[in-house]
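Asks: Input structure: entry-v8.cif, which contains mmCIF, C-alpha atoms.
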```cif
data_run
#
loop_
_atom_site.group_PDB
_atom_site.id
_atom_site.type_symbol
_atom_site.label_atom_id
_atom_site.label_comp_id
_atom_site.auth_asym_id
_atom_site.auth_seq_id
_atom_site.Cartn_x
_atom_site.Cartn_y
_atom_site.Cartn_z
ATOM 1 C CA MET N 1 -10.660 -17.158 18.808
ATOM 2 C CA PHE N 2 -11.381 -13.815 20.464
ATOM 3 C CA PHE N 3 -13.071 -12.116 17.495
ATOM 4 C CA HIS N 4 -14.718 -13.632 14.451
ATOM 5 C CA PRO N 5 -12.536 -13.267 11.314
ATOM 6 C CA GLU N 6 -15.252 -11.318 9.457
ATOM 7 C CA THR N 7 -15.461 -8.809 12.326
ATOM 8 C CA LEU N 8 -11.697 -8.316 12.200
ATOM 9 C CA ASP N 9 -11.840 -8.045 8.414
ATOM 10 C CA VAL N 10 -14.499 -5.304 8.568
ATOM 11 C CA ALA N 11 -12.643 -3.359 11.277
ATOM 12 C CA ALA N 12 -9.271 -3.574 9.535
ATOM 13 C CA ALA N 13 -10.713 -2.790 6.098
ATOM 14 C CA THR N 14 -12.551 0.261 7.479
ATOM 15 C CA LEU N 15 -9.444 1.600 9.210
ATOM 16 C CA SER N 16 -7.313 0.801 6.188
ATOM 17 C CA VAL N 17 -9.564 2.498 3.625
ATOM 18 C CA SER N 18 -9.943 5.528 5.914
ATOM 19 C CA GLY N 19 -6.164 5.703 6.281
ATOM 20 C CA THR N 20 -5.633 5.442 2.532
ATOM 21 C CA ILE N 21 -8.105 8.222 1.820
ATOM 22 C CA ALA N 22 -6.371 10.360 4.462
ATOM 23 C CA GLY N 23 -2.988 9.501 2.884
ATOM 24 C CA SER N 24 -4.262 10.523 -0.519
ATOM 25 C CA ALA N 25 -5.210 13.863 1.016
ATOM 26 C CA ARG N 26 -1.721 13.992 2.585
ATOM 27 C CA LEU N 27 -3.070 13.989 6.160
ATOM 28 C CA LYS N 28 -0.843 12.771 9.014
ATOM 29 C CA ILE N 29 -3.663 10.779 10.621
ATOM 30 C CA SER N 30 -3.314 8.308 7.752
ATOM 31 C CA TRP N 31 -0.270 6.816 9.478
ATOM 32 C CA LEU N 32 -2.109 6.239 12.788
ATOM 33 C CA LEU N 33 -5.072 4.629 11.012
ATOM 34 C CA SER N 34 -2.643 2.462 9.063
ATOM 35 C CA PHE N 35 -0.874 1.410 12.261
ATOM 36 C CA LEU N 36 -4.155 0.298 13.876
ATOM 37 C CA ALA N 37 -5.303 -1.543 10.742
ATOM 38 C CA CYS N 38 -1.955 -3.348 10.537
ATOM 39 C CA ILE N 39 -2.265 -4.690 14.078
ATOM 40 C CA ILE N 40 -5.656 -6.190 13.225
ATOM 41 C CA TYR N 41 -4.581 -7.479 9.815
ATOM 42 C CA PHE N 42 -1.488 -9.142 11.260
ATOM 43 C CA GLY N 43 -3.661 -11.325 13.474
ATOM 44 C CA LEU N 44 -6.257 -11.993 10.788
ATOM 45 C CA PHE N 45 -3.814 -12.981 8.058
ATOM 46 C CA TYR N 46 -1.791 -15.131 10.421
ATOM 47 C CA GLN N 47 -4.979 -16.961 11.355
ATOM 48 C CA LYS N 48 -5.813 -17.435 7.632
ATOM 49 C CA SER N 49 -2.282 -18.774 6.922
ATOM 50 C CA LEU N 50 -1.479 -15.861 4.607
ATOM 51 C CA PHE N 51 1.980 -15.589 6.101
ATOM 52 C CA PHE N 52 3.436 -13.105 3.606
ATOM 53 C CA ASN N 53 0.460 -10.812 4.246
ATOM 54 C CA ALA N 54 0.799 -11.272 8.016
ATOM 55 C CA GLY N 55 4.508 -10.515 7.740
ATOM 56 C CA ILE N 56 3.974 -7.465 5.608
ATOM 57 C CA HIS N 57 1.538 -6.011 8.132
ATOM 58 C CA PHE N 58 4.108 -6.639 10.849
ATOM 59 C CA ILE N 59 6.652 -4.729 8.722
ATOM 60 C CA TYR N 60 4.087 -1.953 8.179
ATOM 61 C CA LEU N 61 4.014 -1.199 11.914
ATOM 62 C CA PRO N 62 7.455 0.466 12.072
ATOM 63 C CA LEU N 63 6.939 1.900 8.558
ATOM 64 C CA SER N 64 3.784 3.620 9.843
ATOM 65 C CA ILE N 65 5.839 5.197 12.613
ATOM 66 C CA ILE N 66 8.478 6.291 10.078
ATOM 67 C CA GLY N 67 5.763 7.754 7.815
ATOM 68 C CA LEU N 68 4.284 9.664 10.747
ATOM 69 C CA TYR N 69 7.739 10.966 11.656
ATOM 70 C CA LEU N 70 8.496 12.085 8.081
ATOM 71 C CA TRP N 71 5.118 13.834 7.790
ATOM 72 C CA LYS N 72 5.022 15.203 11.390
ATOM 73 C CA ASP N 73 5.792 18.827 10.586
ATOM 74 C CA LYS N 74 3.994 18.845 7.252
ATOM 75 C CA THR N 75 0.567 20.014 6.233
ATOM 76 C CA PRO N 76 -1.064 18.937 2.974
ATOM 77 C CA SER N 77 0.162 22.156 1.378
ATOM 78 C CA THR N 78 3.770 21.785 2.615
ATOM 79 C CA LEU N 79 4.228 18.061 1.918
ATOM 80 C CA LYS N 80 6.257 18.091 -1.293
ATOM 81 C CA ILE N 81 5.321 15.357 -3.733
ATOM 82 C CA LYS N 82 8.276 13.945 -5.642
ATOM 83 C CA SER N 83 8.865 11.570 -8.532
ATOM 84 C CA THR N 84 10.667 8.268 -7.943
ATOM 85 C CA PRO N 85 13.969 7.797 -9.802
ATOM 86 C CA VAL N 86 13.710 5.379 -12.741
ATOM 87 C CA PRO N 87 16.383 2.951 -11.397
ATOM 88 C CA ILE N 88 14.311 2.378 -8.255
ATOM 89 C CA LEU N 89 11.170 1.691 -10.279
ATOM 90 C CA THR N 90 13.149 -0.607 -12.605
ATOM 91 C CA PHE N 91 14.471 -2.563 -9.618
ATOM 92 C CA ILE N 92 10.947 -2.998 -8.206
ATOM 93 C CA ALA N 93 9.506 -4.137 -11.550
ATOM 94 C CA GLY N 94 12.439 -6.446 -12.239
ATOM 95 C CA THR N 95 12.188 -8.109 -8.835
ATOM 96 C CA CYS N 96 8.461 -8.735 -9.321
ATOM 97 C CA LEU N 97 8.997 -10.220 -12.782
ATOM 98 C CA PHE N 98 11.833 -12.399 -11.520
ATOM 99 C CA ALA N 99 9.693 -13.704 -8.639
ATOM 100 C CA PHE N 100 6.750 -14.368 -10.919
ATOM 101 C CA PHE N 101 8.749 -16.340 -13.501
ATOM 102 C CA TYR N 102 10.826 -18.128 -10.869
ATOM 103 C CA CYS N 103 7.652 -19.348 -9.154
ATOM 104 C CA LYS N 104 6.070 -20.355 -12.459
ATOM 105 C CA ILE N 105 9.148 -22.314 -13.564
ATOM 106 C CA HIS N 106 9.558 -24.046 -10.196
ATOM 107 C CA GLN N 107 5.792 -24.455 -9.716
ATOM 108 C CA HIS N 108 5.560 -22.533 -6.454
ATOM 109 C CA SER N 109 2.120 -21.247 -5.599
ATOM 110 C CA TRP N 110 3.151 -18.297 -3.430
ATOM 111 C CA HIS N 111 4.127 -15.887 -6.221
ATOM 112 C CA TYR N 112 1.051 -13.640 -5.855
ATOM 113 C CA ASP N 113 1.510 -13.427 -2.110
ATOM 114 C CA PHE N 114 5.216 -12.584 -2.473
ATOM 115 C CA ILE N 115 4.717 -10.063 -5.272
ATOM 116 C CA THR N 116 1.866 -8.222 -3.532
ATOM 117 C CA SER N 117 3.886 -8.109 -0.332
ATOM 118 C CA PHE N 118 6.974 -6.796 -2.131
ATOM 119 C CA LEU N 119 4.948 -4.182 -4.042
ATOM 120 C CA SER N 120 3.110 -3.105 -0.918
ATOM 121 C CA ILE N 121 6.252 -2.657 1.179
ATOM 122 C CA ASN N 122 7.812 -0.560 -1.578
ATOM 123 C CA ALA N 123 4.604 1.442 -2.047
ATOM 124 C CA PHE N 124 4.486 2.087 1.699
ATOM 125 C CA ILE N 125 8.086 3.335 1.682
ATOM 126 C CA LEU N 126 7.528 5.518 -1.392
ATOM 127 C CA MET N 127 4.405 6.956 0.220
ATOM 128 C CA ALA N 128 6.344 7.847 3.393
ATOM 129 C CA PHE N 129 8.707 9.845 1.175
ATOM 130 C CA ALA N 130 5.758 11.364 -0.779
ATOM 131 C CA GLN N 131 6.759 9.717 -4.083
ATOM 132 C CA MET N 132 3.778 9.878 -6.457
ATOM 133 C CA GLU N 133 4.537 6.469 -8.012
ATOM 134 C CA CYS N 134 3.552 4.825 -4.732
ATOM 135 C CA TRP N 135 -0.011 4.921 -6.062
ATOM 136 C CA LEU N 136 0.931 2.895 -9.149
ATOM 137 C CA LEU N 137 2.490 0.229 -6.935
ATOM 138 C CA TRP N 138 -0.619 0.207 -4.739
ATOM 139 C CA LEU N 139 -2.815 -0.143 -7.821
ATOM 140 C CA THR N 140 -0.815 -3.104 -9.140
ATOM 141 C CA ALA N 141 -0.735 -4.819 -5.750
ATOM 142 C CA ASP N 142 -4.452 -4.342 -5.203
ATOM 143 C CA ILE N 143 -5.340 -5.856 -8.551
ATOM 144 C CA LEU N 144 -3.444 -8.957 -7.398
ATOM 145 C CA TYR N 145 -4.956 -8.765 -3.895
ATOM 146 C CA ILE N 146 -8.422 -8.988 -5.449
ATOM 147 C CA HIS N 147 -7.481 -12.438 -6.737
ATOM 148 C CA ILE N 148 -5.962 -13.553 -3.416
ATOM 149 C CA TYR N 149 -8.866 -12.382 -1.254
ATOM 150 C CA SER N 150 -11.477 -13.879 -3.568
ATOM 151 C CA THR N 151 -9.864 -17.307 -3.163
ATOM 152 C CA GLN N 152 -9.463 -16.949 0.623
ATOM 153 C CA GLY N 153 -13.065 -16.018 1.439
ATOM 154 C CA LEU N 154 -12.289 -12.505 2.701
ATOM 155 C CA PRO N 155 -15.138 -10.484 1.156
ATOM 156 C CA PHE N 156 -14.465 -7.240 3.026
ATOM 157 C CA SER N 157 -10.780 -7.273 2.143
ATOM 158 C CA LEU N 158 -11.805 -8.015 -1.449
ATOM 159 C CA LEU N 159 -14.138 -5.013 -1.431
ATOM 160 C CA LYS N 160 -11.401 -2.948 0.219
ATOM 161 C CA SER N 161 -9.000 -3.855 -2.595
ATOM 162 C CA VAL N 162 -11.543 -2.838 -5.233
ATOM 163 C CA MET N 163 -11.944 0.492 -3.424
ATOM 164 C CA TYR N 164 -8.154 0.786 -3.148
ATOM 165 C CA CYS N 165 -7.836 0.413 -6.907
ATOM 166 C CA MET N 166 -10.142 3.390 -7.386
ATOM 167 C CA ILE N 167 -8.370 5.407 -4.666
ATOM 168 C CA ALA N 168 -4.901 4.568 -6.017
ATOM 169 C CA PHE N 169 -5.812 5.501 -9.575
ATOM 170 C CA SER N 170 -7.391 8.818 -8.612
ATOM 171 C CA SER N 171 -4.659 9.595 -6.064
ATOM 172 C CA PHE N 172 -1.939 9.091 -8.655
ATOM 173 C CA ILE N 173 -3.686 11.562 -10.967
ATOM 174 C CA ILE N 174 -4.109 14.089 -8.142
ATOM 175 C CA TRP N 175 -0.521 13.745 -6.884
ATOM 176 C CA GLN N 176 0.797 13.934 -10.452
ATOM 177 C CA LYS N 177 -1.084 17.220 -11.035
ATOM 178 C CA ILE N 178 0.329 18.638 -7.797
ATOM 179 C CA TYR N 179 3.833 17.493 -8.763
ATOM 180 C CA ARG N 180 3.586 18.936 -12.293
ATOM 181 C CA LYS N 181 2.303 22.258 -10.954
ATOM 182 C CA LYS N 182 5.240 22.444 -8.522
ATOM 183 C CA VAL N 183 7.728 21.627 -11.320
ATOM 184 C CA ALA N 184 6.134 24.291 -13.559
ATOM 185 C CA ASP N 185 6.173 26.846 -10.732
ATOM 186 C CA ASP N 186 9.808 26.056 -9.893
ATOM 187 C CA SER N 187 10.892 26.411 -13.540
ATOM 188 C CA SER N 188 9.164 29.756 -13.948
ATOM 189 C CA VAL N 189 10.990 31.279 -10.986
#
```
Would you write out, as structure tokens, the structure that this file holds?
Replies:
Amino acid sequence: MFFHPETLDVAAATLSVSGTIAGSARLKISWLLSFLACIIYFGLFYQKSLFFNAGIHFIYLPLSIIGLYLWKDKTPSTLKIKSTPVPILTFIAGTCLFAFFYCKIHQHSWHYDFITSFLSINAFILMAFAQMECWLLWLTADILYIHIYSTQGLPFSLLKSVMYCMIAFSSFIIWQKIYRKKVADDSSV
């Protein structure tokens, strides 16, 4: 083992929280910070046998590049925040409910890991396209991550998820205000 798991956890959590705060502020550097955090988290979660979480961080690597590409010519004032179509949100919620009940009925224990991974991938994609509902998906996933990390002995990731809940909640409110102002401005023209 090259680095102690707690050292990796602190480094990844720090990069990840910094990237999320930058993403909330619609700053391009959020995607680079996310990319670096994902490399560290991939190794850490693989080592802890959290294979869905390891896999999701592997998937985040190209998504971080896509997010950077989509935001490359944007500044916080020119990045247009949009609302996600209801059918997409319905599909995401329905898939999570199906997975949860399927796992409960068939007594699988991986439902939290699957659901958080599914929510997080969708939140990541919605964030790349500046969809304000990405923050609601992050909030839901992080509430579940708190449970997972508390049972896996990852205190810094647990703390990170608590911080993420606060960031996601406040970011949704901020992005919603920006979106509503844009809609009001567009309708008055």
Asks: Could you tell me, as a ChimeraX atom specification, exactly which residues end up selected when the PyMOL selection byres ((chain N and resi 141) around 8) is applied to this structure?
Replies: /N:115-117,119-120,137-140,142-145
Asks: Which residue, N:Lys48, N:Phe124, N:Phe98, N:Tyr112, has the smallest gap to Phe35 in chain N when you use all atoms listed in the file?
Replies: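 Of N:Lys48, N:Phe124, N:Phe98, N:Tyr112, the one nearest Phe35 in chain N is N:Phe124, counting all atoms listed in the file.
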Asks: Report as a Markdown table: every residue of range 147-174 of chain N with an atom at most 12 Å from range 61-83 of chain N, its closest pair of atoms, and their distance in Å to one decimal, counting all atoms listed in the file, with rows sorted by chain and ascending residue number.
Replies:
```
| residue | atom | partner | partner_atom | distance |
| --- | --- | --- | --- | --- |
| N:Ser171 | CA | N:Ile81 | CA | 11.8 |
| N:Phe172 | CA | N:Ile81 | CA | 10.8 |
| N:Ile174 | CA | N:Ile81 | CA | 10.5 |
```
Asks: By how many Å are CA of Leu8 in chain N and CA of Asn53 in chain N apart?
Replies: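 Result for CA of Leu8 in chain N versus CA of Asn53 in chain N: 14.7 Å, one decimal.
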Asks: Go through N:Tyr179, N:Ile92, N:Thr84, N:Pro155 one by one, measure the shortest atom-to-atom distance of each to Glu133 in chain N using only C-alpha atoms, and give the residue with the smallest value.
Replies: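 Nearest to Glu133 in chain N: N:Thr84.
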Asks: Which residue, N:Gln107, N:Asn122, N:Ser24, N:Ser150, has the smallest gap to Ile173 in chain N when you use all atoms listed in the file?
Replies: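 Among N:Gln107, N:Asn122, N:Ser24, N:Ser150, it is N:Ser24 that comes nearest to Ile173 in chain N.
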Asks: Counting all atoms listed in the file, figure out which residue out of N:Tyr164, N:Phe101, N:Trp175, N:Phe3 gets nearest to Ser16 in chain N.
Replies: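 Answer, going by the shortest atom-to-atom distance: N:Tyr164.
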Asks: Could you expand the PyMOL selection byres ((chain N and resi 19) around 10) into the explicit residues it covers here, written as number ranges by chain?
Replies: N: 13-18, 20-25, 27-37
Asks: Near Ala99 in chain N, counting only C-alpha atoms, which residues have an atom at most 8 Å away, once you skip same-chain residues fewer than 3 positions from it, shown as a list in words?
Replies: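 Listing them by chain and then by number gives Thr95, Cys96, Tyr102, Cys103, His111, Phe114 and Ile115 of chain N.
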Asks: Nearest to Leu158 in chain N among N:Ala184, N:Ser49, N:Ile125, N:Ile146, with distances taken over only C-alpha atoms: which residue is it?
Replies: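 Nearest candidate to Leu158 in chain N out of N:Ala184, N:Ser49, N:Ile125, N:Ile146: N:Ile146.
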Asks: Could you check the closest approach to Leu44 in chain N for each of N:Leu154, N:Val162, N:Ala123, N:Ala168 and tell me which residue wins, using all atoms listed in the file?
Replies: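 The closest residue to Leu44 in chain N is N:Leu154.
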Asks: How many Å lie between CA of Ile56 in chain N and CA of Phe91 in chain N, rounded to one decimal?
Replies: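 Separating CA of Ile56 in chain N from CA of Phe91 in chain N is a distance of 19.1 Å.
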Asks: To one decimal place, how far is CA of Gly43 in chain N from CA of Leu126 in chain N in Å?
Replies: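 According to the coordinates, CA of Gly43 in chain N and CA of Leu126 in chain N are separated by 25.1 Å.
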Asks: Around all of range 13-30 of chain N's listed atoms, make the axis-aligned box with 8 Å on each side and tell me centre and edge lengths in Å to one decimal, as AutoDock Vina command-line options.
Replies:
```
--center_x -6.7 --center_y 5.6 --center_z 5.1 --size_x 27.7 --size_y 32.8 --size_z 27.1
```
